[in-house]
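entry-v6.cif follows; it contains mmCIF, C-alpha atoms.
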data_entry
loop_
_atom_site.group_PDB
_atom_site.id
_atom_site.type_symbol
_atom_site.label_atom_id
_atom_site.label_comp_id
_atom_site.auth_asym_id
_atom_site.auth_seq_id
_atom_site.Cartn_x
_atom_site.Cartn_y
_atom_site.Cartn_z
ATOM 1 C CA MET A 1 12.761 -31.364 42.806
ATOM 2 C CA ILE A 2 14.197 -29.077 40.156
ATOM 3 C CA GLY A 3 17.995 -28.980 40.066
ATOM 4 C CA PHE A 4 20.389 -26.391 38.677
ATOM 5 C CA GLY A 5 20.829 -27.969 35.249
ATOM 6 C CA TRP A 6 19.232 -24.929 33.687
ATOM 7 C CA LEU A 7 22.440 -23.020 34.385
ATOM 8 C CA ALA A 8 24.030 -25.003 31.538
ATOM 9 C CA PRO A 9 23.980 -23.353 28.072
ATOM 10 C CA ARG A 10 21.815 -25.948 26.364
ATOM 11 C CA ARG A 11 18.107 -26.339 27.038
ATOM 12 C CA ARG A 12 16.873 -29.593 28.493
ATOM 13 C CA PRO A 13 13.527 -30.946 27.318
ATOM 14 C CA ALA A 14 10.643 -30.106 29.626
ATOM 15 C CA THR A 15 8.942 -32.923 31.463
ATOM 16 C CA ALA A 16 5.393 -33.851 30.546
ATOM 17 C CA ARG A 17 4.215 -32.443 33.880
ATOM 18 C CA SER A 18 5.972 -29.132 33.216
ATOM 19 C CA VAL A 19 4.305 -28.894 29.824
ATOM 20 C CA LEU A 20 0.911 -29.773 31.336
ATOM 21 C CA ALA A 21 1.327 -27.198 34.098
ATOM 22 C CA GLY A 22 2.458 -24.571 31.602
ATOM 23 C CA GLU A 23 -0.389 -25.184 29.187
ATOM 24 C CA ALA A 24 -2.979 -25.268 31.990
ATOM 25 C CA SER A 25 -1.666 -22.004 33.391
ATOM 26 C CA ALA A 26 -1.618 -20.346 29.971
ATOM 27 C CA GLU A 27 -5.202 -21.418 29.303
ATOM 28 C CA ALA A 28 -6.329 -20.082 32.683
ATOM 29 C CA ALA A 29 -4.443 -16.831 32.157
ATOM 30 C CA ARG A 30 -5.952 -16.154 28.738
ATOM 31 C CA LYS A 31 -9.447 -16.828 30.102
ATOM 32 C CA THR A 32 -9.048 -14.502 33.073
ATOM 33 C CA SER A 33 -7.458 -11.754 30.956
ATOM 34 C CA LEU A 34 -10.577 -11.583 28.827
ATOM 35 C CA GLU A 35 -12.612 -11.133 32.000
ATOM 36 C CA LEU A 36 -10.243 -8.463 33.301
ATOM 37 C CA GLU A 37 -10.562 -6.449 30.099
ATOM 38 C CA GLU A 38 -14.249 -5.973 30.901
ATOM 39 C CA LEU A 39 -13.558 -4.362 34.276
ATOM 40 C CA GLU A 40 -13.472 -0.587 34.511
ATOM 41 C CA GLU A 41 -11.133 -0.225 37.448
ATOM 42 C CA GLN A 42 -8.011 1.724 36.539
ATOM 43 C CA VAL A 43 -4.791 1.872 38.567
ATOM 44 C CA PRO A 44 -3.059 5.283 38.602
ATOM 45 C CA ALA A 45 0.390 5.350 37.009
ATOM 46 C CA PRO A 46 3.125 5.427 39.668
ATOM 47 C CA GLY A 47 5.352 8.430 40.068
ATOM 48 C CA ASP A 48 8.876 8.748 38.785
ATOM 49 C CA THR A 49 11.025 6.082 40.450
ATOM 50 C CA GLY A 50 14.305 6.560 38.649
ATOM 51 C CA GLU A 51 15.947 5.627 35.392
ATOM 52 C CA GLU A 52 13.575 4.593 32.617
ATOM 53 C CA PRO A 53 14.567 1.541 30.584
ATOM 54 C CA GLU A 54 15.313 1.904 26.870
ATOM 55 C CA PHE A 55 12.828 -0.890 26.281
ATOM 56 C CA PRO A 56 9.800 -1.212 25.674
ATOM 57 C CA VAL A 57 9.108 -0.123 22.133
ATOM 58 C CA VAL A 58 5.897 1.874 21.861
ATOM 59 C CA GLY A 59 3.274 0.304 19.604
ATOM 60 C CA ASP A 60 4.965 -3.102 19.295
ATOM 61 C CA ASP A 61 1.937 -5.400 19.584
ATOM 62 C CA LYS A 62 4.074 -8.491 19.027
ATOM 63 C CA ALA A 63 5.808 -7.854 22.365
ATOM 64 C CA ALA A 64 4.635 -8.424 25.937
ATOM 65 C CA ALA A 65 6.176 -8.511 29.397
ATOM 66 C CA PHE A 66 6.268 -11.378 31.896
ATOM 67 C CA PHE A 67 6.909 -10.637 35.578
ATOM 68 C CA ASP A 68 7.727 -13.094 38.343
ATOM 69 C CA LEU A 69 5.800 -12.191 41.514
ATOM 70 C CA ASP A 70 7.595 -13.087 44.752
ATOM 71 C CA ASN A 71 10.484 -10.713 45.515
ATOM 72 C CA THR A 72 10.210 -9.278 41.990
ATOM 73 C CA VAL A 73 6.884 -7.457 41.991
ATOM 74 C CA MET A 74 6.326 -7.720 45.740
ATOM 75 C CA GLN A 75 8.429 -8.222 48.824
ATOM 76 C CA GLY A 76 8.191 -11.726 50.236
ATOM 77 C CA ALA A 77 5.984 -14.634 49.191
ATOM 78 C CA ALA A 78 2.359 -13.984 48.216
ATOM 79 C CA ILE A 79 1.257 -17.416 49.403
ATOM 80 C CA PHE A 80 2.501 -16.680 52.937
ATOM 81 C CA HIS A 81 0.406 -13.516 53.176
ATOM 82 C CA PHE A 82 -2.550 -15.356 51.701
ATOM 83 C CA GLY A 83 -2.079 -17.902 54.473
ATOM 84 C CA ARG A 84 -2.124 -15.102 57.061
ATOM 85 C CA GLY A 85 -5.427 -13.911 55.657
ATOM 86 C CA LEU A 86 -6.925 -17.391 55.735
ATOM 87 C CA TYR A 87 -5.764 -17.879 59.321
ATOM 88 C CA LYS A 88 -7.456 -14.621 60.281
ATOM 89 C CA ARG A 89 -10.645 -16.100 58.827
ATOM 90 C CA LYS A 90 -10.154 -19.341 60.819
ATOM 91 C CA PHE A 91 -9.379 -21.594 57.850
ATOM 92 C CA PHE A 92 -6.679 -23.409 59.853
ATOM 93 C CA GLN A 93 -4.928 -23.668 63.245
ATOM 94 C CA ARG A 94 -2.083 -21.795 64.995
ATOM 95 C CA ARG A 95 0.539 -24.449 64.306
ATOM 96 C CA GLU A 96 0.096 -23.947 60.571
ATOM 97 C CA LEU A 97 0.427 -20.169 60.950
ATOM 98 C CA THR A 98 3.689 -20.693 62.831
ATOM 99 C CA ARG A 99 4.974 -22.812 59.948
ATOM 100 C CA PHE A 100 3.947 -20.109 57.453
ATOM 101 C CA ALA A 101 5.778 -17.522 59.596
ATOM 102 C CA TRP A 102 8.962 -19.594 59.629
ATOM 103 C CA GLN A 103 8.825 -20.054 55.846
ATOM 104 C CA GLN A 104 8.410 -16.311 55.338
ATOM 105 C CA ALA A 105 11.294 -15.547 57.736
ATOM 106 C CA TRP A 106 13.509 -17.899 55.733
ATOM 107 C CA PHE A 107 12.418 -16.358 52.441
ATOM 108 C CA ARG A 108 13.200 -12.837 53.653
ATOM 109 C CA ILE A 109 16.626 -13.818 54.998
ATOM 110 C CA ALA A 110 17.758 -16.028 52.129
ATOM 111 C CA GLY A 111 16.242 -13.785 49.460
ATOM 112 C CA VAL A 112 15.639 -16.789 47.195
ATOM 113 C CA GLU A 113 12.980 -19.393 46.606
ATOM 114 C CA ASP A 114 13.872 -22.563 48.477
ATOM 115 C CA PRO A 115 12.150 -25.457 46.640
ATOM 116 C CA GLU A 116 11.409 -27.430 49.817
ATOM 117 C CA HIS A 117 9.905 -24.453 51.643
ATOM 118 C CA MET A 118 7.865 -23.397 48.617
ATOM 119 C CA GLN A 119 6.602 -26.945 48.075
ATOM 120 C CA ASP A 120 5.650 -27.265 51.739
ATOM 121 C CA ALA A 121 3.770 -23.949 51.574
ATOM 122 C CA ARG A 122 1.867 -25.065 48.468
ATOM 123 C CA ASP A 123 0.981 -28.431 50.012
ATOM 124 C CA SER A 124 -0.313 -26.640 53.103
ATOM 125 C CA ALA A 125 -2.372 -24.259 50.989
ATOM 126 C CA LEU A 126 -3.896 -27.110 48.965
ATOM 127 C CA SER A 127 -4.983 -28.951 52.099
ATOM 128 C CA ILE A 128 -6.463 -25.764 53.523
ATOM 129 C CA VAL A 129 -8.564 -24.834 50.486
ATOM 130 C CA LYS A 130 -9.787 -28.359 49.732
ATOM 131 C CA GLY A 131 -13.581 -28.375 49.710
ATOM 132 C CA HIS A 132 -13.875 -24.601 49.407
ATOM 133 C CA ARG A 133 -15.362 -22.871 46.373
ATOM 134 C CA VAL A 134 -13.114 -21.069 43.907
ATOM 135 C CA SER A 135 -15.374 -18.006 44.022
ATOM 136 C CA GLU A 136 -14.999 -17.866 47.808
ATOM 137 C CA LEU A 137 -11.210 -17.819 47.617
ATOM 138 C CA MET A 138 -11.254 -15.157 44.900
ATOM 139 C CA SER A 139 -13.432 -12.922 47.065
ATOM 140 C CA ILE A 140 -11.203 -13.430 50.095
ATOM 141 C CA GLY A 141 -8.157 -12.773 47.909
ATOM 142 C CA GLU A 142 -9.457 -9.262 47.221
ATOM 143 C CA GLU A 143 -9.618 -8.575 50.954
ATOM 144 C CA ILE A 144 -6.190 -10.069 51.603
ATOM 145 C CA TYR A 145 -4.653 -7.907 48.886
ATOM 146 C CA ASP A 146 -5.802 -4.782 50.733
ATOM 147 C CA GLU A 147 -4.771 -6.143 54.134
ATOM 148 C CA TYR A 148 -1.303 -7.490 53.386
ATOM 149 C CA LEU A 149 -0.150 -7.271 49.770
ATOM 150 C CA ALA A 150 -0.727 -3.712 48.516
ATOM 151 C CA GLU A 151 1.925 -2.186 50.773
ATOM 152 C CA ARG A 152 4.514 -4.774 49.702
ATOM 153 C CA ILE A 153 4.538 -3.963 45.985
ATOM 154 C CA TRP A 154 7.938 -2.703 44.814
ATOM 155 C CA PRO A 155 7.337 0.768 43.268
ATOM 156 C CA GLY A 156 10.290 0.318 40.913
ATOM 157 C CA THR A 157 9.023 -2.927 39.450
ATOM 158 C CA ARG A 158 5.515 -1.544 39.189
ATOM 159 C CA ALA A 159 6.915 1.380 37.189
ATOM 160 C CA LEU A 160 8.566 -1.061 34.780
ATOM 161 C CA ALA A 161 5.268 -2.882 34.294
ATOM 162 C CA GLN A 162 3.474 0.425 33.757
ATOM 163 C CA ALA A 163 6.008 1.364 31.073
ATOM 164 C CA HIS A 164 4.978 -1.716 29.092
ATOM 165 C CA LEU A 165 1.303 -0.914 29.556
ATOM 166 C CA ASP A 166 1.887 2.685 28.467
ATOM 167 C CA ALA A 167 3.627 1.329 25.368
ATOM 168 C CA GLY A 168 0.451 -0.569 24.501
ATOM 169 C CA GLN A 169 1.770 -4.002 25.485
ATOM 170 C CA LYS A 170 0.206 -6.734 27.594
ATOM 171 C CA VAL A 171 1.782 -7.529 30.953
ATOM 172 C CA TRP A 172 1.445 -10.880 32.699
ATOM 173 C CA LEU A 173 2.411 -12.131 36.143
ATOM 174 C CA VAL A 174 4.102 -15.558 36.042
ATOM 175 C CA THR A 175 4.254 -17.218 39.447
ATOM 176 C CA ALA A 176 4.191 -20.471 41.380
ATOM 177 C CA ALA A 177 1.458 -18.931 43.544
ATOM 178 C CA PRO A 178 -2.113 -20.130 42.896
ATOM 179 C CA VAL A 179 -3.511 -18.568 39.737
ATOM 180 C CA GLU A 180 -6.466 -17.167 41.707
ATOM 181 C CA ILE A 181 -4.149 -15.142 43.985
ATOM 182 C CA ALA A 182 -2.036 -14.056 41.022
ATOM 183 C CA THR A 183 -5.121 -12.971 39.086
ATOM 184 C CA VAL A 184 -6.321 -10.777 41.952
ATOM 185 C CA ILE A 185 -2.894 -9.112 42.195
ATOM 186 C CA ALA A 186 -2.695 -8.621 38.424
ATOM 187 C CA ARG A 187 -6.113 -7.006 38.331
ATOM 188 C CA ARG A 188 -5.385 -4.698 41.251
ATOM 189 C CA LEU A 189 -2.166 -3.556 39.557
ATOM 190 C CA GLY A 190 -3.938 -2.973 36.270
ATOM 191 C CA LEU A 191 -2.032 -5.748 34.479
ATOM 192 C CA THR A 192 -3.355 -7.968 31.705
ATOM 193 C CA GLY A 193 -3.591 -11.223 33.657
ATOM 194 C CA ALA A 194 -1.634 -13.946 35.399
ATOM 195 C CA LEU A 195 -0.059 -17.337 34.839
ATOM 196 C CA GLY A 196 -0.002 -19.325 38.063
ATOM 197 C CA THR A 197 -0.202 -22.777 39.566
ATOM 198 C CA VAL A 198 -3.567 -24.319 38.684
ATOM 199 C CA ALA A 199 -5.378 -26.139 41.477
ATOM 200 C CA GLU A 200 -7.894 -28.727 40.330
ATOM 201 C CA SER A 201 -11.551 -27.896 40.894
ATOM 202 C CA ILE A 202 -14.707 -29.801 40.056
ATOM 203 C CA GLY A 203 -17.964 -27.924 39.908
ATOM 204 C CA GLY A 204 -16.184 -24.837 41.213
ATOM 205 C CA VAL A 205 -14.899 -26.672 44.326
ATOM 206 C CA TYR A 206 -11.221 -27.371 45.034
ATOM 207 C CA THR A 207 -10.225 -31.048 45.171
ATOM 208 C CA GLY A 208 -6.891 -30.503 46.950
ATOM 209 C CA LYS A 209 -4.889 -31.573 43.876
ATOM 210 C CA LEU A 210 -2.908 -29.716 41.225
ATOM 211 C CA VAL A 211 -3.236 -29.767 37.450
ATOM 212 C CA GLY A 212 0.262 -30.852 36.429
ATOM 213 C CA GLU A 213 2.874 -29.421 38.793
ATOM 214 C CA PRO A 214 3.577 -26.068 40.484
ATOM 215 C CA LEU A 215 4.440 -23.346 37.986
ATOM 216 C CA HIS A 216 8.121 -23.238 38.897
ATOM 217 C CA GLY A 217 11.328 -23.248 36.872
ATOM 218 C CA PRO A 218 10.848 -25.049 33.534
ATOM 219 C CA ALA A 219 7.046 -25.013 33.948
ATOM 220 C CA LYS A 220 7.116 -21.195 33.921
ATOM 221 C CA ALA A 221 9.005 -21.227 30.651
ATOM 222 C CA GLU A 222 6.491 -23.643 29.139
ATOM 223 C CA ALA A 223 3.597 -21.441 30.303
ATOM 224 C CA VAL A 224 5.133 -18.354 28.717
ATOM 225 C CA ARG A 225 5.843 -20.258 25.512
ATOM 226 C CA ALA A 226 2.257 -21.540 25.333
ATOM 227 C CA LEU A 227 0.755 -18.136 26.064
ATOM 228 C CA ALA A 228 2.985 -16.398 23.520
ATOM 229 C CA SER A 229 1.936 -18.908 20.879
ATOM 230 C CA GLY A 230 -1.738 -18.406 21.643
ATOM 231 C CA GLU A 231 -1.391 -14.605 21.679
ATOM 232 C CA GLY A 232 0.685 -14.402 18.490
ATOM 233 C CA LEU A 233 3.680 -12.880 20.291
ATOM 234 C CA GLU A 234 7.314 -12.999 19.191
ATOM 235 C CA LEU A 235 9.376 -13.994 22.215
ATOM 236 C CA GLY A 236 12.473 -12.273 20.854
ATOM 237 C CA ARG A 237 10.620 -8.969 21.217
ATOM 238 C CA CYS A 238 9.245 -9.750 24.693
ATOM 239 C CA ALA A 239 10.661 -8.993 28.142
ATOM 240 C CA ALA A 240 10.803 -11.068 31.313
ATOM 241 C CA TYR A 241 11.638 -10.001 34.868
ATOM 242 C CA SER A 242 12.651 -12.153 37.851
ATOM 243 C CA ASP A 243 14.739 -12.218 41.024
ATOM 244 C CA SER A 244 15.522 -15.949 41.017
ATOM 245 C CA HIS A 245 17.984 -18.197 39.213
ATOM 246 C CA ASN A 246 15.132 -20.716 39.128
ATOM 247 C CA ASP A 247 13.578 -18.514 36.438
ATOM 248 C CA ILE A 248 16.568 -18.606 34.080
ATOM 249 C CA PRO A 249 14.533 -20.860 31.715
ATOM 250 C CA MET A 250 11.858 -18.151 31.422
ATOM 251 C CA LEU A 251 14.342 -15.289 31.203
ATOM 252 C CA SER A 252 16.282 -17.103 28.479
ATOM 253 C CA LEU A 253 13.179 -17.383 26.301
ATOM 254 C CA VAL A 254 12.839 -13.664 25.661
ATOM 255 C CA GLY A 255 14.890 -11.052 23.879
ATOM 256 C CA HIS A 256 14.844 -8.658 26.843
ATOM 257 C CA PRO A 257 15.581 -10.440 30.154
ATOM 258 C CA TYR A 258 15.852 -8.405 33.360
ATOM 259 C CA ALA A 259 17.229 -9.507 36.736
ATOM 260 C CA ILE A 260 15.208 -7.713 39.438
ATOM 261 C CA ASN A 261 16.450 -7.842 43.055
ATOM 262 C CA PRO A 262 18.488 -10.849 41.890
ATOM 263 C CA ASP A 263 19.822 -13.647 44.048
ATOM 264 C CA ALA A 264 23.574 -14.261 43.828
ATOM 265 C CA LYS A 265 23.367 -16.978 41.159
ATOM 266 C CA LEU A 266 21.075 -14.980 38.903
ATOM 267 C CA ARG A 267 23.197 -11.845 39.345
ATOM 268 C CA LYS A 268 26.310 -13.720 38.233
ATOM 269 C CA TYR A 269 24.487 -15.372 35.319
ATOM 270 C CA ALA A 270 22.952 -12.062 34.223
ATOM 271 C CA ARG A 271 26.251 -10.181 34.342
ATOM 272 C CA GLU A 272 27.978 -12.814 32.263
ATOM 273 C CA ARG A 273 25.319 -12.341 29.565
ATOM 274 C CA GLU A 274 25.001 -8.573 29.972
ATOM 275 C CA TRP A 275 21.354 -8.731 30.984
ATOM 276 C CA ARG A 276 19.884 -5.625 32.593
ATOM 277 C CA LEU A 277 19.754 -5.554 36.381
ATOM 278 C CA ARG A 278 17.593 -3.557 38.780
ATOM 279 C CA ASP A 279 17.714 -3.713 42.594
ATOM 280 C CA TYR A 280 14.959 -2.009 44.587
ATOM 281 C CA ARG A 281 15.730 -3.476 47.995
ATOM 282 C CA THR A 282 16.364 -0.858 50.666
ATOM 283 C CA GLY A 283 20.003 -0.753 51.692
ATOM 284 C CA ARG A 284 21.046 -3.287 49.045
ATOM 285 C CA LYS A 285 22.657 -1.770 45.975
ATOM 286 C CA ALA A 286 23.117 -3.595 42.708
ATOM 287 C CA ALA A 287 26.786 -4.179 43.490
ATOM 288 C CA LYS A 288 26.069 -5.714 46.882
ATOM 289 C CA VAL A 289 24.008 -8.784 47.618
ATOM 290 C CA GLY A 290 23.668 -11.297 50.428
ATOM 291 C CA ILE A 291 23.901 -11.193 54.217
ATOM 292 C CA PRO A 292 27.086 -11.922 56.217
ATOM 293 C CA ALA A 293 26.979 -15.305 57.885
ATOM 294 C CA ALA A 294 26.787 -13.940 61.432
ATOM 295 C CA ALA A 295 24.004 -11.521 60.542
ATOM 296 C CA GLY A 296 22.149 -14.295 58.761
ATOM 297 C CA VAL A 297 22.204 -16.545 61.813
ATOM 298 C CA GLY A 298 20.969 -13.720 64.024
ATOM 299 C CA ALA A 299 18.174 -12.816 61.632
ATOM 300 C CA VAL A 300 16.980 -16.409 61.346
ATOM 301 C CA ALA A 301 16.945 -16.659 65.120
ATOM 302 C CA GLY A 302 14.984 -13.421 65.264
ATOM 303 C CA GLY A 303 12.479 -14.714 62.724
ATOM 304 C CA THR A 304 12.005 -17.892 64.721
ATOM 305 C CA ALA A 305 11.527 -15.930 67.935
ATOM 306 C CA ALA A 306 8.983 -13.681 66.240
ATOM 307 C CA ALA A 307 7.012 -16.696 65.019
ATOM 308 C CA ILE A 308 7.000 -18.218 68.516
ATOM 309 C CA ALA A 309 5.977 -14.898 70.072
ATOM 310 C CA LEU A 310 3.131 -14.562 67.604
ATOM 311 C CA HIS A 311 2.003 -18.091 68.415
ATOM 312 C CA ARG A 312 1.981 -17.372 72.162
ATOM 313 C CA ARG A 313 0.274 -13.990 71.809
ATOM 314 C CA ARG A 314 -2.590 -15.574 69.854
ATOM 315 C CA ARG A 315 -3.348 -18.082 72.591
#
Using structure tokens, write down the structure from this file.
Amino acid sequence: MIGFGWLAPRRRPATARSVLAGEASAEAARKTSLELEELEEQVPAPGDTGEEPEFPVVGDDKAAAFFDLDNTVMQGAAIFHFGRGLYKRKFFQRRELTRFAWQQAWFRIAGVEDPEHMQDARDSALSIVKGHRVSELMSIGEEIYDEYLAERIWPGTRALAQAHLDAGQKVWLVTAAPVEIATVIARRLGLTGALGTVAESIGGVYTGKLVGEPLHGPAKAEAVRALASGEGLELGRCAAYSDSHNDIPMLSLVGHPYAINPDAKLRKYAREREWRLRDYRTGRKAAKVGIPAAAGVGAVAGGTAAAIALHRRRR
């Protein structure tokens, strides 16, 4: 698993698997962005949500923006809600839904990406989609977006993304979620495209394996680097947005890093380097983060009870 070595000032060399995952994701993102440009659907610009950032620079075609997805663009984990949608369509059994529910409860309470939980969720998703066609999952993803994801988009973060689009810049999602899910979300938000974890498919059918590794931590940075190179971008003029200290490698690549709804470690790191911070979580101001220990225990217990109740009610 990925450790916290990225919190050190110097950059460690990426593993071969990180590079492979990054390059595969960048290639997939560039391909899907060309397809998205042909679509006519337009997303209305959101209303005024507060202070406008000094950046982006209008007309700077050497700049782009890269947004993490989970807890940055949307509340919670996209892969959990995708799992809910697949369960509704009888792709798997109740016990797996209960596990998804517990993972989501943990994510909401902790407010950070736990590597073990995220890995377990991805492994579950891979086993579920094995043997299914990519086109089938893309079609279902459209339905799931309307059912579960649309209402969880943070208006503040969406406004930031729209500012880049209005400035004539490309905007990409960068996420550990499957690239197919990320691409659906990017299209529905009117963004350029998405970098995501690439699941292997042969003849348009999922094999249950990944290409490289999940797009997490260093792999995200490699994906952004590869995409920027292919697009002719200058990273020093680009922006990146994330809630997680796991994305410090990606945030450190660009000239305009933003901490959005940051976890405690990213908040501290960002403040030390005078990065911009934004916090759109209800009842949680930029100066306050975290949950008292007693409240945390109660909330976890509540999340567990809710998952059990859901399991029983579905019987």
Please write the residues picked by the PyMOL selection byres ((chain A and resi 245) around 6) on this file as a list in words.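 Applied to this file, the PyMOL selection byres ((chain A and resi 245) around 6) returns Ser244, Asn246, Asp247, Ile248, Lys265 and Leu266 of chain A.
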Near region 273-279 of chain A, counting only C-alpha atoms, which residues have an atom at most 6 Å away, once you skip same-chain residues fewer than 3 positions from it, shown as a PDB file with C-alpha atoms, in the coordinates of the input?
ATOM      1  CA  TYR A 258      15.852  -8.405  33.360  1.00  0.00           C
ATOM      2  CA  ALA A 259      17.229  -9.507  36.736  1.00  0.00           C
ATOM      3  CA  ILE A 260      15.208  -7.713  39.438  1.00  0.00           C
ATOM      4  CA  ASN A 261      16.450  -7.842  43.055  1.00  0.00           C
ATOM      5  CA  ALA A 270      22.952 -12.062  34.223  1.00  0.00           C
ATOM      6  CA  ALA A 286      23.117  -3.595  42.708  1.00  0.00           C
TER       7      ALA A 286
END
For CA of Gly230 (chain A) and CA of Ala64 (chain A), determine how far apart the two atoms are, in Å to one decimal place. 12.6 Å
Please, what distance in Å, to one decimal, runs between CA of Arg237 (chain A) and CA of Arg187 (chain A)?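 Result for CA of Arg237 (chain A) versus CA of Arg187 (chain A): 24.0 Å, one decimal.
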Can you list, as a VMD selection string, every protein, DNA or RNA residue that comes within 6 Å of region 157-169 of chain A when you count all atoms listed in the file, leaving out same-chain residues fewer than 3 positions away? chain A and resid 56 58 to 59 64 73 154
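What separates CA of Ala63 (chain A) from CA of Leu189 (chain A) is a distance of 19.4 Å.
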Please give the centre and size of the box around region 177-191 of chain A (axis-aligned, containing every atom listed in the file, 5 Å added per side), with values in Å to one decimal and written as JSON.
{"center_x": -2.5, "center_y": -11.6, "center_z": 39.2, "size_x": 17.9, "size_y": 27.2, "size_z": 19.5}
Taking the file as shown, what set of residues would the PyMOL selection byres ((chain A and resi 141) around 8) give back, as a ChimeraX atom specification? /A:82,137-140,142-145,180-181,184
Which polymer residues, protein or nucleic acid, are no farther than 10 Å from (3.7, -11.2, 30.2), counting only C-alpha atoms, as a ChimeraX atom specification? /A:63-68,161,164,169-174,191-195,224,227-228,238-241
For the structure shown, which residues end up in the PyMOL selection byres ((chain A and resi 201) around 10)? Put them as a list in words, please? Lys130, Gly131, His132, Arg133, Val134, Val198, Ala199, Glu200, Ile202, Gly203, Gly204, Val205, Tyr206, Thr207, Gly208, Lys209, Leu210 and Val211 of chain A
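Of the residues listed (A:His81, A:Arg89, A:Arg152, A:Lys268), A:Arg89 shows the shortest atom-to-atom separation from Glu136 (chain A); distances use only C-alpha atoms.
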Residue among A:Leu149, A:Ile79, A:Ala221, A:Ala176 lying closest to Pro249 (chain A), counting all atoms listed in the file: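 The closest residue to Pro249 (chain A) is A:Ala221.
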Using all atoms listed in the file, which residue out of A:His216, A:Arg225, A:Lys90, A:Arg84 lies closest to Val254 (chain A)? A:Arg225
